[in-house]
Amino acid sequence: MESAGTKPTTTPGSQRFLAFSLGVEDFAVPLLSVREVVALPEMTRVPNTSSYFSGIMNLRGQIISVFDLRLRFGMKAEHGSETAVIIHNFSQLCFGVVVSSVNNVLSLKDTDISEKPDFHDMQANAYITGVSRYNDKLVLLLDVVKALRLEDVAVQKQAAKNKSAA
Amino acid sequence: MDVLDELKSLFLEDVTELLADAEQAFLSLEKNTENPDMIDKIFRLAHNIKGSAQAVGFSEIGGFSHKLESLLLKIKKGDVKLSTPTVTLLLECNDYLRASVESLKKGETIAVDEQLAARVINATGDQDHTDGSSNQVPDDIDLEAQLDQIMFNSPELVAAVTSSIPADQLFVDAAAFASKLVSELTQENLTPSPSTQSTSTSTSTSTSTSTSTSTSTSTSTSKDHAPKVRSTESPDESIRVSLSRVEKLVDNIGELVILQTVLSENRHQLPTQFLQKTITQLAKISKEIQDIAMGLRLVPLKQTFQKMQRIVRDTAQSLNKDVLLEISGEDSELDKTVVDRLGDPLVHLVRNAVDHGLESTEARLAAGKPRQGTIKLRAYHRSGRIAIEVRDDGHGLNPDLLHKKGIEKGLISANQKYSDQELFALIFHPGFSTKSEVTDISGRGVGLDVVKTNIEKLLQGEVQLETVRGEGTCFRITLPLTLAIIDGMVVRAGRERYIVPLTHVHESVRPRQNDISSHTGLGLVLNLRGEAMPMHRLARLLGDNSPPQTENREETAIVVRSGTHPYAIIVDEIVGRQQVVIKKLGDELANVKGMSGGAILGDGCAAVILDLNELMHQGTAKNKPVVASLRGAA
């Protein structure tokens with residue numbers, strides 16, 4: 001990974017995020033939940049799935065579901081040279097998310113993150129966890145699991161895991 | 001998971017194996033009571049269980065096995081006669097320990113079975129104090145018993161050992177500690193004699209087993225017909241690896257093979273012969289690595305087969321029959337999942353053979369057969385699959401009786417003529433039992449129909465029946481070696497390719513235009529050589545309502561007969577056949593019906609494996625099934 005060379009200088013109270021773009025808007029997700037970033041792979045569409053489900057891909061022999069956040073947010077899904085898939089790993093849940101481009105890693109202190117404004121959209125309230133500023137641009141901090149409405153799956157998975165661990 | 005928990009779960013795994021070994025030993029002891037090796041072996045096993053149970057703090061198990069050990073000691077010394085009731089008692093103890101281990105695995109607490117413990121003490125006899133600790137002249141056995149006593153009575157000591165030593169060292173060090181203690185005691189208390197020798201050897205065996213060396217039992221009746229015969233003597237060491245790690249390895253190797261294929265296909269673009277040759281070599285090795293990796297999931301049938309000894313013994317005893325179980329081919333290897341799921345159906349078939357297959361002793365003698373009935377349990381390879389036979393030398397099936405019974409139960413009509421085969425097939429019908437009285441052995445409401453469905457549904461196998469009047473019956477289960485790989489037919493519908501398990505495909509046809517008729521409200525109906533069946537477009541079933549692209553071309557239909565009724569599915573194209581490794585799809589797709597998994601195609605693309613029956617069920621829920629099959633599958 002790119003950041004492997006630079007020693008992580010995480011001070012207490014600061015958290016690192018992976019920033020990416022959807023169209024012209026900037027978002028970021030906690031770096032800890034990111035497994036890797038891959039170039040846009042060949043995807044196989046799966047019937048009877050939601051409109052923002054791009055399909056399944058082959059990640060070194062593992063089959064992974066890929067969602068398109070742009071379609072989820074009602075943006076145009078144009079594939080360019082910078083289009084990439086961020087592979088997320090939340091405990092047992094593993095999935096990919098198509099984004100327009102992956103930008104950089106942000107190290108944000110708690111003071112850098114401001115309370116989210118009160119959105120009119122109730123759903124947006126749920127999946128935007130905070131707002132930060134980077135290079136005079138607004139970066140929305142995202143809860144991907146909530147944004148993709150995968151909470152139920154995540155909860156089930158966690159429950160199953162707890163059960164098998166007991 | 002903290003260190004002690006890890007140790008505990010390690011212990012539970014080990015004990016499960018030890019108990020299985022012990023059961024085999026008990027059973028062979030019953031056949032041949034004058035077998036000092038077996039008694040030694042059992043003694044060591046019990047000793048082991050006790051020692052490690054104490055070490056990790058399962059005092060209930062430790063205490064119980066201590067009592068058990070005292071009884072075994074008596075047997076070993078010849079103070080207690082080995083008789084069938086004693087063996088039964090020992091087996092009960094084994095069952096109790098196994099049940100305890102099972103509940104400990106689930107994290108439940110276990111109850112001490114006082115009654116059973118009392119019976120053990122009772123059988124041990126009273127001349128020795130109840131707990132078996134004696135101050136008799138120490139002979140080589142009592143020395144060991146004394147050591148146990150030390151371990152047993154000094155949990156502080158054990159605790160001290162546990163706390164002071166790094167966890168992974170615990171078992172090894174405890175064993176070393178024990179053997180040191182024994183050798184010291186030996187030197188102090190005993191004059192050098194041949195028995196000293198035997199003490200140290202037996203101790204070293206017992207301590208080494210606690211560090212999880214796999215010892216294999218060979219049953220006295222087993223004969224090896226398996227193609228791969230492994231010597232039971234060879235110390236084939238094994239390690240435990242979690243299944244998920246093996247799966248990860250298999251995933252990556254699958255990927256390696258795909259990349260390798262890409263190289264091989266393009267190797268002619270390379271200028272030098274040398275590189276081309278290297279790629280060919282690489283292909284061979286990759287293939288071999290893949291085979292080895294797939295083999296990692298395979299386990300021998302041995303344990304499953306050996307469990308049957310016990311089933312036969314108990315069933316035969318409660319029915320007052322004399323039955324010999326002959327096992328062969330138990331070294332044949334199968335996928336772990338297959339072996340796990342095979343257990344229950346096999347128990348059922350074996351019980352069934354003892355109960356229904358073999359006649360009573362009187363009837364056997366009257367028919368001029370040997371008093372002892374024989375059941376042969378055999379496994380062997382057959383055209384890339386494995387066959388498992390349960391064969392009895394009983395009275396065989398009686399077609400006339402089946403006929404009568406079938407009419408009684410309203411399963412067949414009285415006027416029609418049936419072939420013997422059709423009548424035999426009746427025993428797989430739900431709720432069919434030829435024995436008038438229901439026994440608690442195999443007449444517990446579930447019948448052979450459950451066995452058949454389980455084997456077909458869960459194991460993708462089949463059950464065949466062979467029977468000769470007066471000579472016996474044979475159930476043959478044919479199974480795939482693994483459930484991880486299937487033969488798939490790759491089909492295209494719309495833009496995407498899908499995989500249909502080849503086992504679902506009965507045939508594929510190119511129907512002529514006048515074989516297909518469209519009826520209002522019925523949809524498409526295919527007339528296949530006089531048989532009418534509903535026909536669906538795969539693309540439409542998958543929710544693609546765009547007009548089919550194959551309007552002008554001839555259409556290909558897959559005929560499926562594995563469901564309750566036959567049906568045909570039109571696909572745009574049959575791309576080919578491929579063996580694929582079944583992969584799990586993400587949980588976010590769990591609610592999407594009609595897919596049984598995913599797989600990677602030869603070109604590295606992911607594809608969905610379709611469950612056509614489920615897809616049909618879901619697809620036709622909207623437009624009801626219309627054409628009932630004219631010839632039922634049953």
# chains A, B, ... in the order shown; residues from 1 in each chain; ligands from 1
>>> residues_around(residues="range 318-322 of chain B", least_positions_apart="2", cutoff="9 Å", atoms="only C-alpha atoms", output="PyMOL selection string")
chain B and resi 313-316+324+354-355+358-361+371-374+441
>>> closest_atom_pairs(of="chain B", to="chain A", cutoff="9 Å", atoms="only C-alpha atoms", output="CSV")
residue,atom,partner,partner_atom,distance
B:Met1,CA,A:Ala165,CA,8.8
B:Lys105,CA,A:Ala166,CA,8.9
B:Lys106,CA,A:Ala166,CA,7.1
B:Gly107,CA,A:Ala166,CA,6.7
B:Lys248,CA,A:Gln62,CA,8.3
B:Val250,CA,A:Gly61,CA,8.3
B:Asp251,CA,A:Gly61,CA,4.5
B:Asn252,CA,A:Gly61,CA,5.7
B:Ile253,CA,A:Gly61,CA,8.0
B:Gly254,CA,A:Gly61,CA,6.3
B:Glu255,CA,A:Gly61,CA,5.3
B:Leu256,CA,A:Arg60,CA,8.5
B:Arg495,CA,A:Arg45,CA,8.8
B:Glu496,CA,A:Thr44,CA,6.7
B:Arg497,CA,A:Thr44,CA,8.2
B:Leu542,CA,A:Pro47,CA,5.5
B:Gly543,CA,A:Asn48,CA,6.3
B:Asp544,CA,A:Pro47,CA,7.9
B:Lys583,CA,A:Ile63,CA,6.9
B:Lys584,CA,A:Ile63,CA,7.1
B:Leu585,CA,A:Ile63,CA,6.3
B:Gly586,CA,A:Ser65,CA,6.3
B:Asp587,CA,A:Val153,CA,6.5
B:Glu588,CA,A:Val153,CA,6.1
B:Leu589,CA,A:Thr49,CA,7.9
B:Ala590,CA,A:Val153,CA,8.8
B:Val592,CA,A:Asn48,CA,6.6
B:Lys593,CA,A:Asn48,CA,8.3
B:Gly598,CA,A:Ile63,CA,7.0
B:Ala599,CA,A:Ile63,CA,7.5
B:Ile600,CA,A:Asn58,CA,6.9
B:Gly604,CA,A:Asn58,CA,6.9
B:Cys605,CA,A:Asn58,CA,6.2
B:Ala606,CA,A:Asn58,CA,5.4
B:Ala607,CA,A:Thr44,CA,6.3
B:Val608,CA,A:Val46,CA,7.4
>>> residues_around(residues="Ile375 in chain B", least_positions_apart="4", cutoff="9 Å", atoms="only C-alpha atoms", output="PyMOL selection string")
chain B and resi 312+323-327+350+353-354+358+390-394
>>> write_last_selection(atoms="all heavy atoms", output="short mmCIF file (atom, residue, chain, number, x, y, z; two decimals), in the first residue's frame")
data_model
loop_
_atom_site.label_atom_id
_atom_site.label_comp_id
_atom_site.auth_asym_id
_atom_site.auth_seq_id
_atom_site.Cartn_x
_atom_site.Cartn_y
_atom_site.Cartn_z
N VAL B 312 -23.95 -51.23 15.51
CA VAL B 312 -24.31 -52.62 15.25
C VAL B 312 -24.39 -53.39 16.56
O VAL B 312 -25.35 -54.13 16.81
CB VAL B 312 -23.29 -53.29 14.30
CG1 VAL B 312 -23.47 -54.79 14.26
CG2 VAL B 312 -23.42 -52.71 12.91
N VAL B 323 -24.65 -60.43 15.38
CA VAL B 323 -24.30 -59.78 14.12
C VAL B 323 -22.82 -59.45 14.08
O VAL B 323 -22.25 -58.97 15.05
CB VAL B 323 -25.11 -58.48 13.93
CG1 VAL B 323 -24.78 -57.86 12.57
CG2 VAL B 323 -26.58 -58.74 14.06
N LEU B 324 -22.23 -59.72 12.94
CA LEU B 324 -20.83 -59.37 12.73
C LEU B 324 -20.76 -58.26 11.68
O LEU B 324 -21.41 -58.34 10.64
CB LEU B 324 -20.05 -60.60 12.23
CG LEU B 324 -18.60 -60.33 11.84
CD1 LEU B 324 -17.75 -60.15 13.07
CD2 LEU B 324 -18.07 -61.47 10.99
N LEU B 325 -20.03 -57.20 12.00
CA LEU B 325 -19.87 -56.11 11.03
C LEU B 325 -18.49 -56.21 10.40
O LEU B 325 -17.48 -56.21 11.09
CB LEU B 325 -20.03 -54.76 11.72
CG LEU B 325 -19.84 -53.53 10.82
CD1 LEU B 325 -20.96 -53.41 9.81
CD2 LEU B 325 -19.73 -52.27 11.64
N GLU B 326 -18.48 -56.31 9.09
CA GLU B 326 -17.21 -56.32 8.38
C GLU B 326 -17.02 -55.00 7.68
O GLU B 326 -17.88 -54.57 6.93
CB GLU B 326 -17.18 -57.46 7.35
CG GLU B 326 -16.88 -58.81 7.96
CD GLU B 326 -16.76 -59.88 6.89
OE1 GLU B 326 -16.52 -59.53 5.72
OE2 GLU B 326 -16.93 -61.06 7.24
N ILE B 327 -15.87 -54.39 7.93
CA ILE B 327 -15.60 -53.08 7.36
C ILE B 327 -14.47 -53.18 6.36
O ILE B 327 -13.49 -53.87 6.61
CB ILE B 327 -15.22 -52.08 8.46
CG1 ILE B 327 -16.42 -51.77 9.32
CG2 ILE B 327 -14.66 -50.80 7.87
CD1 ILE B 327 -16.11 -50.86 10.48
N VAL B 350 -27.46 -48.71 8.57
CA VAL B 350 -26.88 -49.83 9.31
C VAL B 350 -27.89 -50.38 10.31
O VAL B 350 -28.11 -51.59 10.41
CB VAL B 350 -25.57 -49.40 10.00
CG1 VAL B 350 -25.14 -50.44 11.01
CG2 VAL B 350 -24.48 -49.17 8.98
N ALA B 353 -30.38 -52.32 8.51
CA ALA B 353 -29.90 -53.63 8.09
C ALA B 353 -29.98 -54.63 9.24
O ALA B 353 -30.39 -55.77 9.05
CB ALA B 353 -28.46 -53.52 7.59
N VAL B 354 -29.60 -54.20 10.44
CA VAL B 354 -29.65 -55.11 11.58
C VAL B 354 -31.10 -55.44 11.93
O VAL B 354 -31.46 -56.58 12.17
CB VAL B 354 -28.94 -54.48 12.82
CG1 VAL B 354 -29.02 -55.43 14.00
CG2 VAL B 354 -27.51 -54.15 12.50
N LEU B 358 -31.67 -58.31 8.56
CA LEU B 358 -31.34 -59.64 9.05
C LEU B 358 -32.56 -60.27 9.74
O LEU B 358 -33.28 -59.59 10.46
CB LEU B 358 -30.18 -59.55 10.04
CG LEU B 358 -28.84 -59.10 9.47
CD1 LEU B 358 -27.84 -58.90 10.59
CD2 LEU B 358 -28.32 -60.10 8.46
N VAL B 390 -23.90 -50.92 2.16
CA VAL B 390 -24.30 -51.59 3.39
C VAL B 390 -25.01 -52.87 2.94
O VAL B 390 -26.11 -52.81 2.41
CB VAL B 390 -25.25 -50.72 4.23
CG1 VAL B 390 -25.63 -51.43 5.50
CG2 VAL B 390 -24.63 -49.38 4.53
N ARG B 391 -24.34 -53.99 3.13
CA ARG B 391 -24.89 -55.24 2.60
C ARG B 391 -25.14 -56.22 3.73
O ARG B 391 -24.25 -56.45 4.56
CB ARG B 391 -23.88 -55.85 1.61
CG ARG B 391 -24.33 -57.11 0.92
CD ARG B 391 -23.19 -57.68 0.10
NE ARG B 391 -22.83 -56.83 -1.02
CZ ARG B 391 -23.42 -56.91 -2.23
NH1 ARG B 391 -24.35 -57.80 -2.45
NH2 ARG B 391 -23.04 -56.11 -3.20
N ASP B 392 -26.35 -56.77 3.81
CA ASP B 392 -26.62 -57.78 4.83
C ASP B 392 -26.88 -59.11 4.17
O ASP B 392 -27.17 -59.17 2.96
CB ASP B 392 -27.80 -57.36 5.72
CG ASP B 392 -29.10 -57.25 4.93
OD1 ASP B 392 -29.53 -58.27 4.35
OD2 ASP B 392 -29.69 -56.15 4.90
N ASP B 393 -26.74 -60.20 4.91
CA ASP B 393 -27.03 -61.51 4.33
C ASP B 393 -28.35 -62.02 4.90
O ASP B 393 -28.48 -63.17 5.30
CB ASP B 393 -25.88 -62.49 4.55
CG ASP B 393 -25.65 -62.81 6.03
OD1 ASP B 393 -26.19 -62.06 6.87
OD2 ASP B 393 -24.94 -63.78 6.33
N GLY B 394 -29.31 -61.15 4.98
CA GLY B 394 -30.61 -61.49 5.54
C GLY B 394 -31.57 -62.08 4.52
O GLY B 394 -31.14 -62.70 3.55
#
>>> residues_around(residues="Glu25 in chain A", least_positions_apart="6", cutoff="12 Å", atoms="only C-alpha atoms", output="CSV table (one decimal) with C-alpha atoms, in the first residue's frame")
chain,number,residue,atom,x,y,z
A,19,ALA,CA,-10.7,10.3,0.7
A,69,LEU,CA,-22.1,4.6,-4.5
A,70,ARG,CA,-22.7,7.0,-7.4
A,73,PHE,CA,-26.7,8.8,-4.5
A,75,MET,CA,-25.3,10.5,-9.7
A,99,VAL,CA,-15.9,5.4,-6.8
A,100,SER,CA,-14.9,8.0,-9.4
A,101,SER,CA,-11.4,8.3,-8.0
A,102,VAL,CA,-9.4,7.6,-4.9
A,103,ASN,CA,-7.6,10.7,-3.7
A,137,LYS,CA,-13.2,21.7,0.0
A,138,LEU,CA,-15.9,20.0,2.1
A,139,VAL,CA,-15.3,16.3,2.7
A,140,LEU,CA,-18.3,14.2,4.0
A,141,LEU,CA,-17.4,11.4,6.3
>>> atom_distance(atom1="CA of Phe475 in chain B", atom2="CA of Pro566 in chain B")
26.8 Å
>>> residues_around(residues="Leu89 in chain B", least_positions_apart="3", cutoff="9 Å", atoms="only C-alpha atoms", output="number ranges by chain")
B: 84-86, 92-94, 116, 119-120, 123
>>> residues_around(residues="Val98 in chain A", least_positions_apart="6", cutoff="8 Å", atoms="only C-alpha atoms", output="list in words")
Leu40, Val66, Phe67, Asp68, Leu69, Arg70, Thr83, Ala84, Val85 and Ile86 of chain A
>>> residues_around(residues="Gln260 in chain B", least_positions_apart="6", cutoff="8 Å", atoms="only C-alpha atoms", output="JSON, numbers by chain")
{"B": [279, 282, 283, 286]}
>>> write_last_selection(atoms="C-alpha atoms", output="short mmCIF file (atom, residue, chain, number, x, y, z; two decimals), in the first residue's frame")
data_model
loop_
_atom_site.label_atom_id
_atom_site.label_comp_id
_atom_site.auth_asym_id
_atom_site.auth_seq_id
_atom_site.Cartn_x
_atom_site.Cartn_y
_atom_site.Cartn_z
CA ILE B 279 5.40 -22.18 -19.19
CA LEU B 282 4.68 -24.34 -14.88
CA ALA B 283 1.31 -25.57 -16.10
CA SER B 286 0.24 -25.64 -11.07
#
>>> closest_residue(among="A:Ala147, A:Ile113, A:Val105, A:Leu71", to="Leu32 in chain A", atoms="only C-alpha atoms")
A:Val105
>>> atom_distance(atom1="CA of Ser100 in chain B", atom2="CA of Gln115 in chain B")
15.1 Å
>>> select_by_dssp(residues="range 59-148 of chain A", states="strand (DSSP E)", output="ChimeraX atom specification")
/A:59,62-68,84-90,93-99,101-109,128-134,137-142
>>> closest_residue(among="B:Phe11, B:Asp335, B:Ile388, B:Phe428", to="Gly406 in chain B", atoms="only C-alpha atoms")
B:Phe428
>>> atom_distance(atom1="CA of Ile569 in chain B", atom2="CA of Glu555 in chain B")
10.2 Å
